[in-house]
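Source file work19.pdb; content: PDB, C-alpha atoms, pLDDT in the B column.
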MODEL        1
ATOM      1  CA  MET A   1     -28.302  10.693  -6.349  1.00 57.00           C
ATOM      2  CA  LYS A   2     -29.384  11.329  -2.736  1.00 73.00           C
ATOM      3  CA  VAL A   3     -26.097  10.182  -1.207  1.00 75.00           C
ATOM      4  CA  VAL A   4     -24.207  12.896  -3.075  1.00 80.00           C
ATOM      5  CA  VAL A   5     -26.697  15.536  -1.928  1.00 86.00           C
ATOM      6  CA  ILE A   6     -26.441  14.373   1.695  1.00 88.00           C
ATOM      7  CA  GLY A   7     -22.643  14.340   1.452  1.00 88.00           C
ATOM      8  CA  ARG A   8     -22.576  17.883   0.122  1.00 91.00           C
ATOM      9  CA  GLN A   9     -25.049  19.037   2.765  1.00 91.00           C
ATOM     10  CA  TYR A  10     -22.972  17.427   5.528  1.00 90.00           C
ATOM     11  CA  PHE A  11     -19.716  19.015   4.354  1.00 92.00           C
ATOM     12  CA  THR A  12     -21.431  22.386   4.127  1.00 91.00           C
ATOM     13  CA  GLU A  13     -22.807  21.981   7.654  1.00 89.00           C
ATOM     14  CA  ILE A  14     -19.386  21.226   9.145  1.00 90.00           C
ATOM     15  CA  ASN A  15     -17.616  23.842   6.996  1.00 93.00           C
ATOM     16  CA  ASP A  16     -15.520  21.220   5.214  1.00 95.00           C
ATOM     17  CA  PRO A  17     -14.137  22.559   1.906  1.00 95.00           C
ATOM     18  CA  HIS A  18     -14.009  19.152   0.183  1.00 93.00           C
ATOM     19  CA  THR A  19     -16.028  18.614  -2.970  1.00 92.00           C
ATOM     20  CA  VAL A  20     -18.350  15.625  -3.290  1.00 91.00           C
ATOM     21  CA  VAL A  21     -18.280  14.070  -6.747  1.00 89.00           C
ATOM     22  CA  ALA A  22     -20.597  11.277  -7.917  1.00 87.00           C
ATOM     23  CA  ASP A  23     -18.854   8.324  -9.540  1.00 88.00           C
ATOM     24  CA  PRO A  24     -21.298   5.648 -10.739  1.00 85.00           C
ATOM     25  CA  GLN A  25     -18.342   3.348 -11.493  1.00 89.00           C
ATOM     26  CA  ALA A  26     -16.866   3.594  -7.982  1.00 88.00           C
ATOM     27  CA  ARG A  27     -16.283   0.285  -6.243  1.00 91.00           C
ATOM     28  CA  TYR A  28     -17.557  -0.698  -2.798  1.00 89.00           C
ATOM     29  CA  PHE A  29     -14.985  -2.995  -1.229  1.00 94.00           C
ATOM     30  CA  GLY A  30     -14.034  -3.993  -4.776  1.00 94.00           C
ATOM     31  CA  ALA A  31     -17.578  -4.681  -5.991  1.00 93.00           C
ATOM     32  CA  LEU A  32     -19.440  -2.576  -8.528  1.00 91.00           C
ATOM     33  CA  LEU A  33     -22.874  -1.894  -7.049  1.00 87.00           C
ATOM     34  CA  THR A  34     -25.887  -1.454  -9.274  1.00 83.00           C
ATOM     35  CA  GLY A  35     -29.510  -0.578  -8.778  1.00 81.00           C
ATOM     36  CA  ARG A  36     -30.826  -0.468  -5.262  1.00 80.00           C
ATOM     37  CA  VAL A  37     -28.601  -3.061  -3.573  1.00 85.00           C
ATOM     38  CA  LEU A  38     -27.911  -0.888  -0.502  1.00 82.00           C
ATOM     39  CA  VAL A  39     -31.535   0.198  -0.102  1.00 85.00           C
ATOM     40  CA  PRO A  40     -33.812  -1.614   2.369  1.00 88.00           C
ATOM     41  CA  GLY A  41     -36.435  -3.955   0.973  1.00 89.00           C
ATOM     42  CA  GLU A  42     -40.158  -3.294   0.893  1.00 90.00           C
ATOM     43  CA  SER A  43     -40.823  -4.960   4.261  1.00 93.00           C
ATOM     44  CA  ALA A  44     -38.115  -3.011   6.128  1.00 93.00           C
ATOM     45  CA  TYR A  45     -39.055  -0.959   9.174  1.00 92.00           C
ATOM     46  CA  LEU A  46     -38.092   2.651   8.491  1.00 90.00           C
ATOM     47  CA  GLY A  47     -37.715   5.214  11.241  1.00 90.00           C
ATOM     48  CA  THR A  48     -39.009   8.752  11.114  1.00 92.00           C
ATOM     49  CA  THR A  49     -35.720  10.656  11.512  1.00 91.00           C
ATOM     50  CA  ASN A  50     -34.597  12.476   8.390  1.00 88.00           C
ATOM     51  CA  PHE A  51     -31.146  13.871   7.636  1.00 87.00           C
ATOM     52  CA  ASP A  52     -31.956  17.414   8.763  1.00 88.00           C
ATOM     53  CA  ALA A  53     -33.248  16.205  12.146  1.00 90.00           C
ATOM     54  CA  TRP A  54     -30.231  13.927  12.590  1.00 89.00           C
ATOM     55  CA  MET A  55     -27.819  16.728  11.689  1.00 89.00           C
ATOM     56  CA  ALA A  56     -29.508  19.100  14.162  1.00 89.00           C
ATOM     57  CA  ALA A  57     -29.087  16.477  16.902  1.00 90.00           C
ATOM     58  CA  GLN A  58     -25.346  16.254  16.135  1.00 87.00           C
ATOM     59  CA  ARG A  59     -24.720  19.938  16.758  1.00 82.00           C
ATOM     60  CA  LYS A  60     -22.952  20.543  20.010  1.00 73.00           C
ATOM     61  CA  PRO A  61     -23.761  23.585  22.121  1.00 72.00           C
ATOM     62  CA  VAL A  62     -21.017  26.187  22.048  1.00 62.00           C
TER      63      VAL A  62
ENDMDL
END
Represent the structure contained in this file as structure tokens.
Amino acid sequence: MKVVVIGRQYFTEINDPHTVVADPQARYFGALLTGRVLVPGESAYLGTTNFDAWMAAQRKPV
């Protein structure tokens, strides 16, 4: 599950001690989501930024 991996990576990056746990039965505003309902369709325009590039852009100079 990519969302869990991204969540863990984000918490590691910001030194947050919380643990990310996948729960396939978790509800989204009360609805049980299945399959790829939150994934863009085949004709969607997808940008070129990946998570690592986005995270690097979020870092603030010290």
Inset, instruction - May I ask for the distance between atom CA of Leu38 of chain A and atom CA of Pro24 of chain A, given in Å to one decimal place? - result: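 A separation of 13.8 Å between them.
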Inset, instruction - Could you state which residues are captured by the PyMOL selection byres ((chain A and resi 21) around 10) in this file, as number ranges by chain? - result: A: 4-5, 7-8, 18-20, 22-24
Inset, instruction - Can you work out the spacing between atom CA of Ala26 of chain A and atom CA of Phe11 of chain A in Å, to one decimal? - result: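 Taking atom CA of Ala26 of chain A as the start and atom CA of Phe11 of chain A as the end point, the length is 20.0 Å.
When atom CA of Glu13 of chain A is paired with atom CA of Tyr28 of chain A, their separation reads 25.5 Å.
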Inset, instruction - Please provide as a VMD selection string all residues within 10 Å of segment 50-54 of chain A, with the sequence filter that same-chain residues fewer than 2 positions apart are discarded (counting all atoms listed in the file). - result: chain A and resid 6 9 to 10 47 to 48 56 to 59
Hey, can you spit out that residue selection with C-alpha atoms as a PDB file, in the coordinates of the input?
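What follows is the written file again-v1.pdb:
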ATOM      1  CA  ILE A   6     -26.441  14.373   1.695  1.00 88.00           C
ATOM      2  CA  GLN A   9     -25.049  19.037   2.765  1.00 91.00           C
ATOM      3  CA  TYR A  10     -22.972  17.427   5.528  1.00 90.00           C
ATOM      4  CA  GLY A  47     -37.715   5.214  11.241  1.00 90.00           C
ATOM      5  CA  THR A  48     -39.009   8.752  11.114  1.00 92.00           C
ATOM      6  CA  ALA A  56     -29.508  19.100  14.162  1.00 89.00           C
ATOM      7  CA  ALA A  57     -29.087  16.477  16.902  1.00 90.00           C
ATOM      8  CA  GLN A  58     -25.346  16.254  16.135  1.00 87.00           C
ATOM      9  CA  ARG A  59     -24.720  19.938  16.758  1.00 82.00           C
TER      10      ARG A  59
END
